[in-house]
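Asker: Sharing final-v1.txt below, compact mmCIF, C-alpha atoms:
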```
# COMPACT_ATOMS: atom_id res chain seq x y z
CA MET A 1 0.00 0.00 0.00
CA THR A 2 1.42 3.34 -1.07
CA GLU A 3 1.96 5.79 1.74
CA LYS A 4 -0.20 8.89 1.39
CA GLN A 5 1.89 11.94 0.67
CA PRO A 6 1.53 14.93 2.99
CA PRO A 7 0.08 18.12 1.53
CA HIS A 8 2.57 20.49 -0.03
CA VAL A 9 3.37 23.27 2.36
CA GLU A 10 5.17 26.55 2.16
CA GLY A 11 6.67 27.35 5.53
CA ASP A 12 3.91 26.37 7.96
CA ARG A 13 1.04 26.99 5.55
CA GLN A 14 -0.59 24.81 2.91
CA VAL A 15 0.19 26.01 -0.61
CA GLY A 16 -3.40 26.66 -1.67
CA LEU A 17 -6.58 25.54 -3.39
CA THR A 18 -7.12 24.01 -6.80
CA THR A 19 -8.98 25.91 -9.51
CA GLY A 20 -11.93 23.56 -9.11
CA ALA A 21 -12.16 24.23 -5.38
CA VAL A 22 -11.96 27.99 -5.93
CA ALA A 23 -14.62 27.78 -8.65
CA ARG A 24 -16.99 26.01 -6.26
CA ARG A 25 -16.31 28.55 -3.51
CA PHE A 26 -17.04 31.56 -5.72
CA GLY A 27 -19.80 30.10 -7.90
CA VAL A 28 -17.72 30.81 -11.03
CA SER A 29 -17.00 28.16 -13.65
CA PRO A 30 -13.41 26.88 -13.98
CA THR A 31 -13.52 27.96 -17.64
CA THR A 32 -14.23 31.57 -16.58
CA LEU A 33 -11.39 31.48 -14.07
CA ARG A 34 -8.94 30.22 -16.70
CA SER A 35 -10.16 32.89 -19.11
CA TRP A 36 -9.64 35.64 -16.52
CA ASP A 37 -6.18 34.26 -15.80
CA ARG A 38 -5.23 34.19 -19.48
CA ARG A 39 -6.69 37.59 -20.38
CA TYR A 40 -6.20 39.69 -17.27
CA GLY A 41 -3.75 37.87 -15.00
CA ILE A 42 -6.43 37.11 -12.38
CA GLY A 43 -5.15 33.72 -11.31
CA PRO A 44 -2.87 31.72 -9.03
CA ALA A 45 0.72 32.85 -8.84
CA SER A 46 2.21 29.46 -7.96
CA ARG A 47 2.24 26.00 -9.48
CA GLU A 48 2.54 22.65 -7.71
CA GLY A 49 5.48 20.80 -9.14
CA GLY A 50 5.37 23.05 -12.21
CA ARG A 51 1.99 21.62 -13.28
CA HIS A 52 -1.07 22.21 -11.10
CA ARG A 53 -2.12 25.74 -10.36
CA ARG A 54 -2.69 26.52 -6.68
CA TRP A 55 -4.58 29.56 -5.38
CA ARG A 56 -3.03 31.20 -2.34
CA GLN A 57 -4.77 33.57 0.05
CA GLN A 58 -3.59 36.66 -1.81
CA ASP A 59 -4.78 35.21 -5.15
CA ILE A 60 -8.21 34.54 -3.68
CA ALA A 61 -8.41 38.07 -2.30
CA VAL A 62 -7.83 39.48 -5.80
CA LEU A 63 -10.44 37.11 -7.26
CA ASP A 64 -12.91 38.18 -4.56
CA ARG A 65 -12.54 41.81 -5.66
CA MET A 66 -12.91 40.77 -9.29
CA CYS A 67 -16.16 38.88 -8.58
CA ARG A 68 -17.62 41.75 -6.57
CA LEU A 69 -16.86 44.32 -9.26
CA THR A 70 -18.16 42.26 -12.18
CA GLY A 71 -21.26 41.50 -10.11
CA GLU A 72 -21.84 45.25 -9.82
CA GLY A 73 -21.73 45.64 -13.60
CA VAL A 74 -18.12 46.75 -14.04
CA PRO A 75 -16.67 45.43 -17.35
CA PRO A 76 -14.22 42.55 -16.73
CA SER A 77 -11.20 44.41 -18.13
CA GLU A 78 -11.80 47.40 -15.82
CA ALA A 79 -12.67 45.13 -12.90
CA ALA A 80 -9.42 43.24 -13.36
CA LYS A 81 -7.33 46.41 -13.26
CA ALA A 82 -9.06 47.57 -10.09
CA ALA A 83 -8.85 44.12 -8.48
CA LEU A 84 -5.14 43.77 -9.20
CA SER A 85 -4.44 47.27 -7.89
CA GLY A 86 -6.54 46.63 -4.79
CA SER A 87 -8.45 49.88 -5.33
CA ALA A 88 -11.93 48.46 -4.76
CA GLY A 89 -11.78 45.91 -1.99
CA PRO A 90 -14.62 44.21 -0.11
CA GLY A 91 -16.81 46.42 1.99
CA SER A 92 -16.52 49.52 -0.17
CA ALA A 93 -19.39 51.87 0.49
CA PRO A 94 -22.10 52.22 -2.19
CA LYS A 95 -22.09 55.43 -4.14
CA PRO A 96 -24.77 57.96 -3.21
CA VAL A 97 -27.58 58.15 -5.72
CA PRO A 98 -29.75 61.14 -6.60
CA ALA A 99 -33.19 61.13 -5.02
CA SER A 100 -34.70 61.15 -8.51
CA THR A 101 -33.82 57.45 -8.86
CA ARG A 102 -35.99 56.41 -5.93
CA SER A 103 -39.63 55.43 -6.03
CA ASP A 104 -42.29 58.07 -5.75
CA SER A 105 -45.10 58.02 -3.18
CA THR A 106 -47.22 55.72 -5.33
CA GLY A 107 -44.55 53.05 -5.51
CA SER A 108 -43.67 53.68 -9.16
CA PRO A 109 -39.94 53.99 -9.78
CA THR A 110 -39.11 57.36 -11.28
CA ASP A 111 -35.82 56.21 -12.84
CA SER A 112 -35.03 52.68 -11.75
CA THR A 113 -34.22 50.90 -14.99
CA GLY A 114 -30.64 50.65 -13.82
CA SER A 115 -29.02 50.82 -17.24
CA PRO A 116 -25.21 50.88 -17.08
CA ASP A 117 -25.18 54.53 -18.20
CA GLY A 118 -27.96 55.61 -15.84
CA PRO A 119 -27.61 57.16 -12.39
CA THR A 120 -27.96 53.82 -10.62
CA GLY A 121 -24.66 52.69 -12.16
CA ALA A 122 -25.41 49.00 -12.75
CA SER A 123 -28.12 47.18 -14.66
CA SER A 124 -30.66 45.00 -12.89
CA GLN A 125 -29.19 41.97 -14.63
CA SER A 126 -25.69 42.70 -13.34
CA ARG A 127 -27.06 43.26 -9.85
CA GLN A 128 -28.83 39.91 -10.05
CA ARG A 129 -25.66 38.17 -11.20
CA GLY A 130 -23.61 39.73 -8.44
CA LEU A 131 -26.13 38.80 -5.77
CA SER A 132 -26.52 35.26 -7.10
CA ARG A 133 -22.77 34.70 -7.28
CA ALA A 134 -22.28 36.01 -3.76
CA ALA A 135 -24.99 33.65 -2.49
CA LEU A 136 -23.51 30.68 -4.36
CA ARG A 137 -20.16 31.18 -2.69
CA LEU A 138 -21.94 31.71 0.65
CA ASP A 139 -20.40 35.16 1.00
CA SER A 140 -22.66 36.75 3.62
CA GLN A 141 -20.95 40.13 3.53
CA ALA A 142 -21.23 40.43 -0.24
CA VAL A 143 -24.90 39.36 -0.19
CA ASP A 144 -25.72 41.94 2.46
CA GLU A 145 -23.81 44.66 0.63
CA GLY A 146 -25.51 43.82 -2.68
CA LEU A 147 -28.96 43.96 -1.12
CA SER A 148 -28.26 47.21 0.72
CA ARG A 149 -26.81 48.83 -2.38
CA SER A 150 -29.76 47.83 -4.57
CA ILE A 151 -32.32 49.12 -2.06
CA ALA A 152 -30.41 52.38 -1.58
CA ASP A 153 -29.95 52.92 -5.32
CA LEU A 154 -33.35 51.86 -6.62
CA GLY A 155 -35.77 52.19 -3.72
CA LEU A 156 -37.46 49.22 -2.08
CA VAL A 157 -40.14 48.46 -4.68
CA ALA A 158 -37.86 48.59 -7.72
CA ALA A 159 -35.11 46.67 -5.91
CA TRP A 160 -37.58 43.95 -4.96
CA GLU A 161 -39.17 43.64 -8.40
CA THR A 162 -36.06 43.91 -10.58
CA VAL A 163 -33.27 42.44 -8.44
CA ILE A 164 -34.30 40.58 -5.28
CA MET A 165 -37.23 38.49 -6.50
CA PRO A 166 -35.57 37.47 -9.79
CA THR A 167 -32.49 36.37 -7.84
CA LEU A 168 -34.56 34.40 -5.34
CA HIS A 169 -36.38 32.68 -8.20
CA ALA A 170 -33.11 31.91 -10.01
CA VAL A 171 -31.52 30.41 -6.90
CA GLY A 172 -34.69 28.42 -6.21
CA ARG A 173 -34.68 27.01 -9.75
CA LYS A 174 -31.01 26.09 -9.37
CA TRP A 175 -31.54 23.80 -6.40
CA GLN A 176 -34.80 22.39 -7.78
CA THR A 177 -33.07 21.32 -11.00
CA SER A 178 -29.88 20.02 -9.38
CA GLY A 179 -31.22 17.24 -7.20
CA GLU A 180 -31.87 19.37 -4.10
CA ARG A 181 -28.33 20.75 -4.07
CA PHE A 182 -27.72 24.38 -3.13
CA VAL A 183 -30.52 24.43 -0.53
CA GLU A 184 -28.08 26.15 1.81
CA VAL A 185 -27.64 28.90 -0.79
CA GLU A 186 -31.37 29.65 -0.88
CA HIS A 187 -31.57 29.66 2.91
CA LEU A 188 -28.65 32.05 3.26
CA LEU A 189 -30.03 34.40 0.60
CA SER A 190 -33.53 34.36 2.09
CA TRP A 191 -32.22 35.12 5.57
CA HIS A 192 -30.24 38.10 4.32
CA VAL A 193 -33.17 39.37 2.27
CA SER A 194 -35.35 39.27 5.38
CA THR A 195 -32.62 41.05 7.33
CA ALA A 196 -32.32 43.79 4.71
CA LEU A 197 -36.09 44.30 4.65
CA ARG A 198 -36.31 44.52 8.42
CA ARG A 199 -33.46 47.00 8.42
CA VAL A 200 -35.61 49.31 6.30
CA VAL A 201 -38.52 48.84 8.70
CA VAL A 202 -36.38 49.64 11.74
CA GLU A 203 -34.73 52.65 10.14
CA ARG A 204 -37.88 54.18 8.64
CA ASN A 205 -40.67 53.10 11.00
CA GLY A 206 -41.05 56.02 13.40
CA ARG A 207 -44.40 56.83 14.96
CA PRO A 208 -46.64 57.78 12.04
CA VAL A 209 -50.15 58.81 12.98
CA GLY A 210 -53.39 57.42 11.63
CA ALA A 211 -54.99 54.02 11.28
CA PRO A 212 -52.35 51.43 10.35
CA VAL A 213 -52.13 48.78 7.68
CA LEU A 214 -52.15 45.32 9.24
CA LEU A 215 -50.01 42.74 7.41
CA ALA A 216 -50.16 39.00 8.06
CA CYS A 217 -49.83 35.64 6.40
CA THR A 218 -52.84 33.36 6.50
CA PRO A 219 -52.87 30.57 9.11
CA GLY A 220 -50.53 27.81 7.97
CA GLU A 221 -48.65 30.06 5.54
CA GLY A 222 -44.91 30.13 6.27
CA HIS A 223 -43.65 32.10 3.25
CA SER A 224 -43.48 35.65 4.55
CA LEU A 225 -40.76 37.38 2.48
CA PRO A 226 -43.16 39.10 0.04
CA ILE A 227 -45.26 40.60 2.80
CA GLU A 228 -42.07 41.61 4.63
CA ALA A 229 -41.19 43.49 1.44
CA LEU A 230 -44.56 45.23 1.55
CA ALA A 231 -44.01 46.23 5.18
CA ALA A 232 -40.62 47.69 4.26
CA ALA A 233 -42.02 49.55 1.24
CA LEU A 234 -44.76 51.15 3.36
CA CYS A 235 -42.32 52.08 6.14
CA GLU A 236 -40.02 53.58 3.50
CA ARG A 237 -42.88 55.97 2.79
CA GLY A 238 -43.47 56.73 6.46
CA LEU A 239 -46.84 54.95 6.60
CA PRO A 240 -48.20 53.26 9.76
CA VAL A 241 -47.71 49.49 9.64
CA ARG A 242 -48.30 46.53 11.95
CA MET A 243 -46.51 43.42 10.75
CA PHE A 244 -47.48 40.00 12.17
CA GLY A 245 -45.49 37.75 9.84
CA ALA A 246 -46.02 34.09 9.07
CA ALA A 247 -48.89 31.80 10.02
CA LEU A 248 -50.91 34.10 12.26
CA PRO A 249 -53.83 32.14 13.80
CA ALA A 250 -57.27 33.34 12.71
CA GLU A 251 -58.39 34.19 16.25
CA ALA A 252 -55.25 36.25 16.85
CA LEU A 253 -55.76 38.11 13.57
CA ASP A 254 -59.38 38.87 14.51
CA ASN A 255 -58.26 40.20 17.91
CA ALA A 256 -55.61 42.39 16.30
CA VAL A 257 -58.10 43.87 13.84
CA ARG A 258 -60.59 44.73 16.57
CA ARG A 259 -57.89 46.23 18.81
CA LEU A 260 -56.14 48.30 16.14
CA GLY A 261 -59.01 49.35 13.87
CA PRO A 262 -56.77 49.26 10.77
CA ALA A 263 -57.47 51.13 7.57
CA ALA A 264 -56.59 47.96 5.67
CA VAL A 265 -55.67 44.33 6.24
CA VAL A 266 -53.36 42.52 3.81
CA LEU A 267 -53.52 38.72 3.85
CA TRP A 268 -50.70 36.88 2.11
CA ALA A 269 -51.17 33.34 0.77
CA GLN A 270 -48.45 31.63 -1.24
CA SER A 271 -50.52 28.59 -2.17
CA LEU A 272 -54.17 27.75 -2.73
CA SER A 273 -54.09 25.41 0.27
CA THR A 274 -53.45 28.36 2.62
CA ALA A 275 -55.79 30.88 0.94
CA SER A 276 -58.68 30.89 3.43
CA ARG A 277 -61.88 32.23 1.89
CA PRO A 278 -63.81 32.02 5.21
CA LEU A 279 -61.17 34.16 6.90
CA ALA A 280 -61.29 36.77 4.13
CA GLU A 281 -65.11 36.83 4.29
CA HIS A 282 -64.96 37.28 8.06
CA LEU A 283 -62.45 40.13 7.89
CA LYS A 284 -64.44 42.17 5.39
CA ARG A 285 -67.46 42.00 7.71
CA THR A 286 -65.51 42.89 10.87
CA GLU A 287 -66.61 46.22 12.34
CA TRP A 288 -65.71 48.39 15.32
CA GLY A 289 -66.70 51.75 16.73
CA VAL A 290 -69.89 53.21 18.18
CA ARG A 291 -73.29 52.59 16.66
CA GLY A 292 -73.94 54.89 13.73
CA ALA A 293 -70.22 55.36 13.06
CA ARG A 294 -69.09 51.81 12.52
CA ALA A 295 -65.96 51.22 10.44
CA HIS A 296 -64.38 48.20 8.80
CA PRO A 297 -61.06 47.63 7.01
CA ALA A 298 -60.32 47.33 3.35
CA VAL A 299 -59.16 43.75 2.73
CA LEU A 300 -56.34 43.06 0.29
CA LEU A 301 -55.73 39.45 -0.75
CA ALA A 302 -52.12 39.23 -1.85
CA GLY A 303 -50.09 36.34 -3.22
CA PRO A 304 -50.47 33.61 -5.86
CA GLY A 305 -52.54 31.46 -3.50
CA TRP A 306 -55.58 33.66 -4.10
CA ALA A 307 -55.35 33.46 -7.91
CA ALA A 308 -57.27 30.18 -8.15
CA CYS A 309 -59.67 31.14 -5.36
CA PRO A 310 -63.16 32.26 -6.50
CA HIS A 311 -63.68 36.01 -6.41
CA ILE A 312 -64.63 37.44 -3.03
CA PRO A 313 -66.72 40.62 -3.39
CA GLU A 314 -65.48 43.79 -1.68
CA THR A 315 -61.90 42.58 -1.51
CA ILE A 316 -58.90 43.87 -3.44
CA ARG A 317 -56.33 41.74 -5.21
CA PRO A 318 -53.13 43.67 -5.95
CA LEU A 319 -51.11 42.54 -8.95
CA GLY A 320 -47.74 42.85 -7.24
CA LEU A 321 -45.73 44.80 -4.71
CA GLY A 322 -45.87 48.09 -6.59
CA ASP A 323 -49.61 47.77 -7.13
CA ALA A 324 -50.19 46.94 -3.45
CA VAL A 325 -48.21 50.00 -2.37
CA THR A 326 -50.17 52.25 -4.77
CA ILE A 327 -53.51 50.92 -3.49
CA LEU A 328 -52.56 51.25 0.17
CA VAL A 329 -51.18 54.77 -0.27
CA SER A 330 -54.51 55.73 -1.85
CA LEU A 331 -56.50 54.09 0.94
CA LEU A 332 -54.48 55.74 3.69
CA ASN A 333 -54.69 59.12 2.00
CA ALA A 334 -58.47 58.67 1.90
CA ASP A 335 -58.63 57.37 5.45
CA SER A 336 -61.16 59.99 6.51
CA VAL A 337 -63.52 58.40 4.00
CA GLY A 338 -62.57 54.82 4.82
CA ARG A 339 -63.19 55.30 8.53
CA HIS A 340 -66.93 55.56 7.75
CA GLY A 341 -66.95 52.18 6.09
CA ARG A 342 -66.64 53.34 2.49
CA ARG A 343 -63.81 52.83 0.04
CA PRO A 344 -62.63 54.89 -2.92
CA ALA A 345 -64.71 54.22 -6.01
CA GLY A 346 -63.40 51.31 -8.03
CA SER A 347 -61.00 50.06 -5.35
CA ALA A 348 -62.75 46.74 -4.73
CA THR A 349 -62.21 44.16 -7.41
```
Please re-express this file's structure in structure tokens.

Answerer:
Amino acid sequence: MTEKQPPHVEGDRQVGLTTGAVARRFGVSPTTLRSWDRRYGIGPASREGGRHRRWRQQDIAVLDRMCRLTGEGVPPSEAAKAALSGSAGPGSAPKPVPASTRSDSTGSPTDSTGSPDGPTGASSQSRQRGLSRAALRLDSQAVDEGLSRSIADLGLVAAWETVIMPTLHAVGRKWQTSGERFVEVEHLLSWHVSTALRRVVVERNGRPVGAPVLLACTPGEGHSLPIEALAAALCERGLPVRMFGAALPAEALDNAVRRLGPAAVVLWAQSLSTASRPLAEHLKRTEWGVRGARAHPAVLLAGPGWAACPHIPETIRPLGLGDAVTILVSLLNADSVGRHGRRPAGSAT
């Protein structure tokens, strides 16, 4: 039996990683790494026995900068120069963006296309690639920075619709089509998305006056990221919000409605099995206040779970995050009307 050779070492440290190992760590194909090495000199400086390339710590640091920059939409040739010079290392602060690139009060982005020549600096596609690559290599810092930068540059609604959701869907498809691999990637990305959304809520949610919007998932519904995005988008606009998250029991939801007297209740259901028609019917009939001045909330049924559910009169079904924000802004602006049990004409669908 041949004795196993010890790993090659340089001083007291192991020489480095193979190209395949580095490719797996960064979510970049070995072919791309070899191309970057050949074209730009982004590669390992040492060889093992004159044959196998080995990536040392300093080589990986340069590659990390290269991946971050290309993920932000920087052309590879420019990214390589910056990475090799060390001028744009990890943790660099996002550039400030003019207020004109943010969403307006109705939730419609005023200039959020994100073309490479536009004020947001990087296209939505490049932002998606950067976020996806960071998640694939399980780089928590890069994921968090990419999310924060997109939200700061584009505003919450546009960032969610053009960057975050497409990336979540792409990562989800990746593990579904690869034999349940990469589940850890989706979990890491989802956790950081939730963290970024809650950061917006904490930073923007002061003490706005007026009847709040109550946000909750239906009983049994555990997918709460989309309604967390709605909470963040409303807080970004300084609107009063009460967020109850996933799988709120029906009795608890009823108690919250009667205690808070919300202007609107948004029920999220990801699947038909969790879209509860009886609960929606109950909520739209719920009233509070003194006799002769009774009020009830507008009820928004959000999420794909309601799509196959038969129409429920006097409820509203938003088409997406931007549409939900527009509807709720309108309802809250007309709260003096809604408090008497009426809704703006045409709001119920």

Asker: So how far away is atom CA of A:Leu154 from atom CA of A:Ser124, in Å?

Answerer: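 Value for the atom CA of A:Ser124-atom CA of A:Leu154 distance: 9.7 Å.
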
Asker: So that I can check the surroundings of A:Ile60, please list as a list in words every protein, DNA and RNA residue that reaches within 10 Å of it, counting only C-alpha atoms and ignoring chain neighbours fewer than 2 positions away.

Answerer: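 Those residues are Gly16, Leu17, Val22, Phe26, Ile42, Gly43, Pro44, Trp55, Arg56, Gln57, Gln58, Val62, Leu63, Asp64, Arg65 and Met66 of chain A.
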
Asker: Atom CA of A:Leu136 to atom CA of A:Ala83: how many Å, to one decimal?

Answerer: 20.3 Å

Asker: Using only C-alpha atoms, which of the listed residues (A:Trp191, A:Leu272, A:Gly322, A:Ser85) sits closest to A:Ala159?

Answerer: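 Between A:Trp191, A:Leu272, A:Gly322, A:Ser85, the residue approaching A:Ala159 most closely is A:Gly322.
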
Asker: What's around stretch 70-80 of chain A at 8 Å? Count all atoms listed in the file, leave out sequence neighbours fewer than 6 positions away in its own chain, and write the answer as a PyMOL selection string.

Answerer: chain A and resi 40-42+116+121-123+126-131+133

Asker: Select, from A:Asn333, A:Gln141, A:Ser271, A:Thr286, the residue with the minimum atom-to-atom distance to A:Pro304, counting only C-alpha atoms.

Answerer: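 Among the listed residues, A:Ser271 lies closest to A:Pro304.
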
Asker: Please report the interatomic distance between atom CA of A:Thr218 and atom CA of A:His311 in Å with one decimal.

Answerer: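 For atom CA of A:Thr218 relative to atom CA of A:His311, the distance reads 17.1 Å.
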
Asker: Neighbours of A:Val213 within 7 Å (all atoms listed in the file; same-chain residues fewer than 6 positions away dropped), as a list in words?

Answerer: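 Those residues are Pro240, Val241, Arg242, Pro262, Ala263, Ala264 and Val265 of chain A.
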
Asker: Quick one: residues within 12 Å of (-33.0, 40.1, 4.7) (file frame), counting only C-alpha atoms, please, as a PyMOL selection string.

Answerer: chain A and resi 140+143-148+151+160+164+168+186-201+224-226+228-229+232

Asker: Okay, now the selection with C-alpha atoms, as a tab-separated table (two decimals), in the frame of the given file?

Answerer:
```tsv
chain	number	residue	atom	x	y	z
A	140	SER	CA	-22.66	36.75	3.62
A	143	VAL	CA	-24.90	39.36	-0.19
A	144	ASP	CA	-25.72	41.94	2.46
A	145	GLU	CA	-23.81	44.66	0.63
A	146	GLY	CA	-25.51	43.82	-2.68
A	147	LEU	CA	-28.96	43.96	-1.12
A	148	SER	CA	-28.26	47.21	0.72
A	151	ILE	CA	-32.32	49.12	-2.06
A	160	TRP	CA	-37.58	43.95	-4.96
A	164	ILE	CA	-34.30	40.58	-5.28
A	168	LEU	CA	-34.56	34.40	-5.34
A	186	GLU	CA	-31.37	29.65	-0.88
A	187	HIS	CA	-31.57	29.66	2.91
A	188	LEU	CA	-28.65	32.05	3.26
A	189	LEU	CA	-30.03	34.40	0.60
A	190	SER	CA	-33.53	34.36	2.09
A	191	TRP	CA	-32.22	35.12	5.57
A	192	HIS	CA	-30.24	38.10	4.32
A	193	VAL	CA	-33.17	39.37	2.27
A	194	SER	CA	-35.35	39.27	5.38
A	195	THR	CA	-32.62	41.05	7.33
A	196	ALA	CA	-32.32	43.79	4.71
A	197	LEU	CA	-36.09	44.30	4.65
A	198	ARG	CA	-36.31	44.52	8.42
A	199	ARG	CA	-33.46	47.00	8.42
A	200	VAL	CA	-35.61	49.31	6.30
A	201	VAL	CA	-38.52	48.84	8.70
A	224	SER	CA	-43.48	35.65	4.55
A	225	LEU	CA	-40.76	37.38	2.48
A	226	PRO	CA	-43.16	39.10	0.04
A	228	GLU	CA	-42.07	41.61	4.63
A	229	ALA	CA	-41.19	43.49	1.44
A	232	ALA	CA	-40.62	47.69	4.26
```

Asker: Would you mind telling me which residue in A:Ser276, A:Gln125, A:Thr31, A:Thr326 lies nearest to A:Arg237 when using only C-alpha atoms?

Answerer: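 Using only C-alpha atoms, A:Arg237 sits closest to A:Thr326.
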
Asker: Can you pull out every residue within 10 Å of A:Ala324, counting all atoms listed in the file, but drop anything in the same chain fewer than 4 positions away, and send it as a ChimeraX atom specification?

Answerer: /A:106-107,230,233-234,266,300-302,316-320,328-330

Asker: Suppose we keep C-alpha atoms; can you now write the selection as an mmCIF file, in the frame of the given file?

Answerer:
```cif
data_model
loop_
_atom_site.group_PDB
_atom_site.id
_atom_site.type_symbol
_atom_site.label_atom_id
_atom_site.label_comp_id
_atom_site.auth_asym_id
_atom_site.auth_seq_id
_atom_site.Cartn_x
_atom_site.Cartn_y
_atom_site.Cartn_z
ATOM 1 C CA THR A 106 -47.220 55.720 -5.330
ATOM 2 C CA GLY A 107 -44.550 53.050 -5.510
ATOM 3 C CA LEU A 230 -44.560 45.230 1.550
ATOM 4 C CA ALA A 233 -42.020 49.550 1.240
ATOM 5 C CA LEU A 234 -44.760 51.150 3.360
ATOM 6 C CA VAL A 266 -53.360 42.520 3.810
ATOM 7 C CA LEU A 300 -56.340 43.060 0.290
ATOM 8 C CA LEU A 301 -55.730 39.450 -0.750
ATOM 9 C CA ALA A 302 -52.120 39.230 -1.850
ATOM 10 C CA ILE A 316 -58.900 43.870 -3.440
ATOM 11 C CA ARG A 317 -56.330 41.740 -5.210
ATOM 12 C CA PRO A 318 -53.130 43.670 -5.950
ATOM 13 C CA LEU A 319 -51.110 42.540 -8.950
ATOM 14 C CA GLY A 320 -47.740 42.850 -7.240
ATOM 15 C CA LEU A 328 -52.560 51.250 0.170
ATOM 16 C CA VAL A 329 -51.180 54.770 -0.270
ATOM 17 C CA SER A 330 -54.510 55.730 -1.850
#
```

Asker: Rank nothing, just name the residue among A:Ala135, A:Ala21, A:Ala275, A:Val171 nearest to A:Gly305, using only C-alpha atoms.

Answerer: A:Ala275

Asker: Around all listed atoms of stretch 80-83 of chain A, padded 3 Å per side, what centre and edge lengths does the axis-aligned box have in Å to one decimal, as lines of an AutoDock Vina configuration file?

Answerer:
```
center_x = -8.4
center_y = 45.4
center_z = -10.9
size_x = 8.1
size_y = 10.3
size_z = 10.9
```
